[in-house]
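Visitor: Below you'll find run-v4.pdb; it's PDB, C-alpha atoms (C1' of nucleotides).
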```
ATOM      1  CA  MET A 759     114.254  42.148 159.008
ATOM      2  CA  LYS A 760     113.505  43.917 155.749
ATOM      3  CA  TRP A 761     110.176  43.009 154.187
ATOM      4  CA  ARG A 762     109.362  43.113 150.485
ATOM      5  CA  SER A 763     106.024  43.218 148.758
ATOM      6  CA  VAL A 764     106.772  40.400 146.344
ATOM      7  CA  PRO A 765     108.701  37.145 146.664
ATOM      8  CA  CYS A 766     112.333  37.180 145.752
ATOM      9  CA  VAL A 767     115.465  35.134 145.918
ATOM     10  CA  VAL A 768     118.132  36.345 148.296
ATOM     11  CA  PHE A 769     121.575  34.820 148.598
ATOM     12  CA  ASP A 770     123.995  35.983 151.254
ATOM     13  CA  GLY A 771     121.948  39.113 151.768
ATOM     14  CA  VAL A 772     122.071  39.977 148.076
ATOM     15  CA  LEU A 773     118.833  40.271 146.133
ATOM     16  CA  LEU A 774     119.201  38.043 143.089
ATOM     17  CA  ARG A 775     115.775  38.121 141.567
ATOM     18  CA  THR A 776     112.195  39.213 142.253
ATOM     19  CA  CYS A 777     109.001  37.603 141.046
ATOM     20  CA  ASP A 778     106.567  40.516 140.760
ATOM     21  CA  SER A 779     104.517  39.048 137.964
ATOM     22  CA  ASN A 780     102.701  36.127 139.571
ATOM     23  CA  LYS A 781     101.071  37.110 142.804
ATOM     24  CA  ASN A 782      98.455  34.375 142.512
ATOM     25  CA  ILE A 783     101.290  31.854 142.580
ATOM     26  CA  VAL A 784     102.302  33.325 145.911
ATOM     27  CA  LYS A 785      98.825  32.729 147.215
ATOM     28  CA  GLU A 786      98.932  29.091 146.149
ATOM     29  CA  LEU A 787     102.333  28.702 147.752
ATOM     30  CA  ILE A 788     101.085  30.057 151.031
ATOM     31  CA  LEU A 789      98.009  27.843 150.963
ATOM     32  CA  ALA A 790     100.196  24.844 150.246
ATOM     33  CA  LEU A 791     102.600  25.714 153.040
ATOM     34  CA  ILE A 792      99.980  26.030 155.754
ATOM     35  CA  GLN A 793      98.792  22.523 155.005
ATOM     36  CA  LEU A 794     102.157  21.275 156.224
ATOM     37  CA  ILE A 795     101.503  22.540 159.746
ATOM     38  CA  PRO A 796     100.941  19.535 162.027
ATOM     39  CA  ILE A 797      97.608  19.453 163.837
ATOM     40  CA  GLY A 798      98.094  20.625 167.385
ATOM     41  CA  ASN A 799     100.719  23.146 166.364
ATOM     42  CA  VAL A 800     100.593  26.591 164.840
ATOM     43  CA  THR A 801     102.931  28.842 162.925
ATOM     44  CA  THR A 802     103.169  32.583 162.459
ATOM     45  CA  TYR A 803     102.598  34.980 159.585
ATOM     46  CA  SER A 804     106.162  36.087 160.016
ATOM     47  CA  SER A 805     107.485  32.549 159.617
ATOM     48  CA  ILE A 806     105.762  32.166 156.258
ATOM     49  CA  ALA A 807     106.777  35.661 155.244
ATOM     50  CA  CYS A 808     110.424  34.985 155.997
ATOM     51  CA  LEU A 809     110.346  31.876 153.855
ATOM     52  CA  LEU A 810     109.090  33.810 150.837
ATOM     53  CA  ASN A 811     110.863  37.074 151.658
ATOM     54  CA  ILE A 812     107.625  39.006 151.698
ATOM     55  CA  HIS A 813     105.850  41.250 154.159
ATOM     56  CA  PRO A 814     103.794  39.338 156.765
ATOM     57  CA  ARG A 815     100.716  41.323 155.834
ATOM     58  CA  ILE A 816     100.850  39.980 152.312
ATOM     59  CA  VAL A 817     100.545  36.562 153.902
ATOM     60  CA  ALA A 818      97.571  37.743 155.924
ATOM     61  CA  LEU A 819      95.896  39.190 152.857
ATOM     62  CA  ALA A 820      96.406  35.959 150.928
ATOM     63  CA  LEU A 821      94.872  33.927 153.735
ATOM     64  CA  LYS A 822      91.984  36.328 154.050
ATOM     65  CA  LYS A 823      91.034  35.577 150.468
ATOM     66  CA  ASN A 824      90.996  31.895 151.319
ATOM     67  CA  LYS A 825      87.592  30.536 150.454
ATOM     68  CA  ARG A 826      88.067  27.112 152.029
ATOM     69  CA  PRO A 827      89.051  27.641 155.669
ATOM     70  CA  ILE A 828      88.878  23.924 156.454
ATOM     71  CA  ALA A 829      90.813  22.576 153.479
ATOM     72  CA  TYR A 830      93.388  25.336 153.960
ATOM     73  CA  PRO A 831      93.749  25.689 157.718
ATOM     74  CA  CYS A 832      94.464  29.385 157.956
ATOM     75  CA  HIS A 833      93.406  29.232 161.591
ATOM     76  CA  ARG A 834      96.752  27.580 162.304
ATOM     77  CA  VAL A 835      98.531  30.785 161.446
ATOM     78  CA  ILE A 836      98.823  33.264 164.308
ATOM     79  CA  ARG A 837     100.712  36.386 165.229
ATOM     80  CA  SER A 838     104.346  36.249 166.273
ATOM     81  CA  ASP A 839     103.564  37.544 169.772
ATOM     82  CA  GLY A 840     101.316  34.556 170.424
ATOM     83  CA  TYR A 841      98.005  36.338 170.026
ATOM     84  CA  ILE A 842      95.500  34.643 167.758
ATOM     85  CA  GLY A 843      95.112  37.493 165.313
ATOM     86  CA  GLY A 844      91.988  38.023 163.264
ATOM     87  CA  TYR A 845      89.756  35.604 161.431
ATOM     88  CA  THR A 846      87.000  36.039 158.878
ATOM     89  CA  LEU A 847      84.395  33.601 157.592
ATOM     90  CA  SER A 848      82.402  34.645 154.542
ATOM     91  CA  GLY A 849      83.127  38.270 155.145
ATOM     92  CA  ARG A 850      82.379  38.223 158.859
ATOM     93  CA  ARG A 851      84.809  38.488 161.711
ATOM     94  CA  ALA A 852      84.934  35.227 163.645
ATOM     95  CA  ASP A 853      87.920  35.405 165.959
ATOM     96  CA  SER A 854      86.218  33.181 168.518
ATOM     97  CA  VAL A 855      85.795  30.474 165.873
ATOM     98  CA  LYS A 856      89.514  30.509 165.248
ATOM     99  CA  GLU A 857      90.139  30.105 168.945
ATOM    100  CA  LYS A 858      87.706  27.213 169.162
ATOM    101  CA  LEU A 859      89.202  25.428 166.172
ATOM    102  CA  LEU A 860      92.647  25.633 167.694
ATOM    103  CA  THR A 861      91.402  24.387 171.043
ATOM    104  CA  LEU A 862      89.738  21.451 169.313
ATOM    105  CA  GLU A 863      93.046  20.585 167.704
ATOM    106  CA  GLY A 864      94.741  20.541 171.075
ATOM    107  CA  VAL A 865      96.394  23.932 171.052
ATOM    108  CA  PRO A 866      96.188  25.426 174.535
ATOM    109  CA  ILE A 867      95.276  29.101 174.638
ATOM    110  CA  ILE A 868      96.001  30.973 177.854
ATOM    111  CA  ASN A 869      94.900  34.578 178.257
ATOM    112  CA  GLY A 870      94.098  34.735 174.552
ATOM    113  CA  ARG A 871      97.579  33.588 173.669
ATOM    114  CA  VAL A 872      99.112  30.366 172.404
ATOM    115  CA  SER A 873     101.957  29.014 174.503
ATOM    116  CA  PRO A 874     105.231  29.647 172.647
ATOM    117  CA  ASN A 875     106.246  25.972 172.608
ATOM    118  CA  ARG A 876     103.323  25.255 170.269
ATOM    119  CA  ILE A 877     104.488  27.794 167.724
ATOM    120  CA  ILE A 878     106.732  26.126 165.174
ATOM    121  CA  ASP A 879     109.011  27.710 162.624
ATOM    122  CA  LEU A 880     108.103  26.721 159.069
ATOM    123  CA  THR A 881     111.678  26.932 157.872
ATOM    124  CA  LYS A 882     112.710  24.427 160.542
ATOM    125  CA  LEU A 883     109.750  22.229 159.706
ATOM    126  CA  LEU A 884     110.857  22.056 156.077
ATOM    127  CA  LEU A 885     114.443  21.258 157.023
ATOM    128  CA  THR A 886     113.609  18.396 159.340
TER     129      THR A 886
ATOM    130  C1'  DC B1411     106.521  41.834 181.855
ATOM    131  C1'  DT B1412     102.585  44.849 179.224
ATOM    132  C1'  DT B1413     101.020  48.667 176.372
ATOM    133  C1'  DT B1414     101.824  52.207 172.939
ATOM    134  C1'  DT B1415     103.845  53.968 168.848
ATOM    135  C1'  DT B1416     105.325  53.667 164.359
ATOM    136  C1'  DC B1417     105.735  51.623 160.188
ATOM    137  C1'  DC B1418     104.207  48.211 156.906
ATOM    138  C1'  DA B1419     101.756  46.768 151.764
ATOM    139  C1'  DC B1420      98.085  46.000 150.030
ATOM    140  C1'  DA B1421      92.546  46.251 148.700
ATOM    141  C1'  DG B1422      88.615  48.938 148.320
ATOM    142  C1'  DC B1423      86.500  53.099 148.118
TER     143       DC B1423
ATOM    144  C1'  DG C 576      94.257  60.191 147.637
ATOM    145  C1'  DC C 577      92.496  58.177 152.357
ATOM    146  C1'  DT C 578      90.977  54.175 155.301
ATOM    147  C1'  DG C 579      90.968  49.669 157.228
ATOM    148  C1'  DT C 580      92.998  45.333 157.799
ATOM    149  C1'  DG C 581      93.569  38.003 159.698
ATOM    150  C1'  DG C 582     100.894  42.236 161.224
ATOM    151  C1'  DA C 583     105.676  43.386 163.424
ATOM    152  C1'  DA C 584     109.251  45.492 165.800
ATOM    153  C1'  DA C 585     110.845  49.021 168.605
ATOM    154  C1'  DA C 586     110.012  52.113 172.244
ATOM    155  C1'  DA C 587     107.916  53.267 176.424
ATOM    156  C1'  DG C 588     105.898  52.129 180.882
TER     157       DG C 588
END
```
Hey, can you dump this file as structure tokens for me?
Guide:
Amino acid sequence: MKWRSVPCVVFDGVLLRTCDSNKNIVKELILALIQLIPIGNVTTYSSIACLLNIHPRIVALALKKNKRPIAYPCHRVIRSDGYIGGYTLSGRRADSVKEKLLTLEGVPIINGRVSPNRIIDLTKLLLT
DNA sequence: CTTTTTCCACAGC
DNA sequence: GCTGTGGAAAAAG
């Protein structure tokens, strides 16, 4: 998988168009997308990144800037290997909070990892 | 199966 | 420029 820094449109492996100019739009898109995640399930940074054809870390950066962690449930976005990943509340690391939130929503975490069957693919979610 | 290595694309200094 | 992330994939063990 080749990652880009900005969203783009790719058809049949051919880059048709990039959208460098509006990075704040990307942020809004990501925030909107994570609200589609059903409670009790999680998705991955990579899943979102694939959808927009951007690097997963851009997704992480966008979520980090999220000022409303409850309205925009960025805690439902985890790493592709099942680990929770990081979490920050008002500038402070709060990984344990993320874990607790997920547990409250019914996401089982074993050995610091979410069971793979709870990780859903956003592209599939949008197609169903 | 787990850990390490290497690369990533910013933001902030 | 260099450093530190809310990461990922490949390589190594």
Visitor: Just the residues within 12 Å of DA586 of chain C, please, counting all atoms listed in the file, with nothing from its chain fewer than 5 positions along; format it as a ChimeraX atom specification.
Guide: /B:1413-1416
Visitor: Within 12 Å of (103.5, 32.0, 151.7) in the file's own coordinates, which protein, DNA or RNA residues have an atom, counting all atoms listed in the file? List them as a ChimeraX atom specification.
Guide: /A:763-766,781-794,801-821,832,835,880-881
Visitor: Could you save those same residues with C-alpha atoms as a short mmCIF file (atom, residue, chain, number, x, y, z; two decimals), in the frame of the given file?
Guide:
```
data_model
loop_
_atom_site.label_atom_id
_atom_site.label_comp_id
_atom_site.auth_asym_id
_atom_site.auth_seq_id
_atom_site.Cartn_x
_atom_site.Cartn_y
_atom_site.Cartn_z
CA SER A 763 106.02 43.22 148.76
CA VAL A 764 106.77 40.40 146.34
CA PRO A 765 108.70 37.15 146.66
CA CYS A 766 112.33 37.18 145.75
CA LYS A 781 101.07 37.11 142.80
CA ASN A 782 98.46 34.38 142.51
CA ILE A 783 101.29 31.85 142.58
CA VAL A 784 102.30 33.33 145.91
CA LYS A 785 98.82 32.73 147.22
CA GLU A 786 98.93 29.09 146.15
CA LEU A 787 102.33 28.70 147.75
CA ILE A 788 101.08 30.06 151.03
CA LEU A 789 98.01 27.84 150.96
CA ALA A 790 100.20 24.84 150.25
CA LEU A 791 102.60 25.71 153.04
CA ILE A 792 99.98 26.03 155.75
CA GLN A 793 98.79 22.52 155.00
CA LEU A 794 102.16 21.28 156.22
CA THR A 801 102.93 28.84 162.93
CA THR A 802 103.17 32.58 162.46
CA TYR A 803 102.60 34.98 159.58
CA SER A 804 106.16 36.09 160.02
CA SER A 805 107.48 32.55 159.62
CA ILE A 806 105.76 32.17 156.26
CA ALA A 807 106.78 35.66 155.24
CA CYS A 808 110.42 34.98 156.00
CA LEU A 809 110.35 31.88 153.85
CA LEU A 810 109.09 33.81 150.84
CA ASN A 811 110.86 37.07 151.66
CA ILE A 812 107.62 39.01 151.70
CA HIS A 813 105.85 41.25 154.16
CA PRO A 814 103.79 39.34 156.76
CA ARG A 815 100.72 41.32 155.83
CA ILE A 816 100.85 39.98 152.31
CA VAL A 817 100.54 36.56 153.90
CA ALA A 818 97.57 37.74 155.92
CA LEU A 819 95.90 39.19 152.86
CA ALA A 820 96.41 35.96 150.93
CA LEU A 821 94.87 33.93 153.74
CA CYS A 832 94.46 29.38 157.96
CA VAL A 835 98.53 30.78 161.45
CA LEU A 880 108.10 26.72 159.07
CA THR A 881 111.68 26.93 157.87
#
```
Visitor: For the atom pair atom CA of Arg876 of chain A and atom CA of Asn799 of chain A, what is the interatomic distance in Å to one decimal place?
Guide: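 Answer for the atom CA of Arg876 of chain A to atom CA of Asn799 of chain A separation: 5.1 Å.
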Visitor: Name the residues that the PyMOL selection byres ((chain C) within 8 of (chain A)) pulls out of this structure, and write them as a PDB file with C-alpha atoms (C1' of nucleotides), keeping the file's coordinate frame.
Guide:
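Contents of the output file out_13.pdb:
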```
ATOM      1  C1'  DG C 581      93.569  38.003 159.698  1.00  0.00           C
ATOM      2  C1'  DG C 582     100.894  42.236 161.224  1.00  0.00           C
ATOM      3  C1'  DA C 583     105.676  43.386 163.424  1.00  0.00           C
TER       4       DA C 583
END
```
Visitor: Give me the chain B side of the contact with chain A, cut-off 8 Å, one line per residue showing its nearest atom pair and distance in Å at one decimal, counting all atoms listed in the file, sorted by chain and residue number, as a Markdown table.
Guide:
```
| residue | atom | partner | partner_atom | distance |
| --- | --- | --- | --- | --- |
| B:DC1418 | C1' | A:His813 | CA | 7.7 |
| B:DA1419 | C1' | A:Ser763 | CA | 6.3 |
| B:DC1420 | C1' | A:Ile816 | CA | 7.0 |
```
Visitor: Excluding same-chain residues fewer than 4 positions from Tyr841 of chain A, what lies within 10 Å of it counting only C-alpha atoms (C1' of nucleotides), as a PyMOL selection string?
Guide: chain A and resi 802+836-837+867-873
Visitor: Report the distance between atom CA of Asp879 of chain A and atom CA of Pro827 of chain A in Å, rounded to one decimal place.
Guide: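 The value is 21.1 Å.
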Visitor: Report, in Å to a single decimal, how far apart atom CA of Pro796 of chain A and atom CA of Ile877 of chain A are.
Guide: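 These atoms are spaced 10.6 Å apart.
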Visitor: Tell me, as a list in words, which residues lie within 10 Å of DT578 of chain C, counting all atoms listed in the file; anything in the same chain fewer than 2 positions away does not count.
Guide: DG1422 and DC1423 of chain B; DT580 of chain C
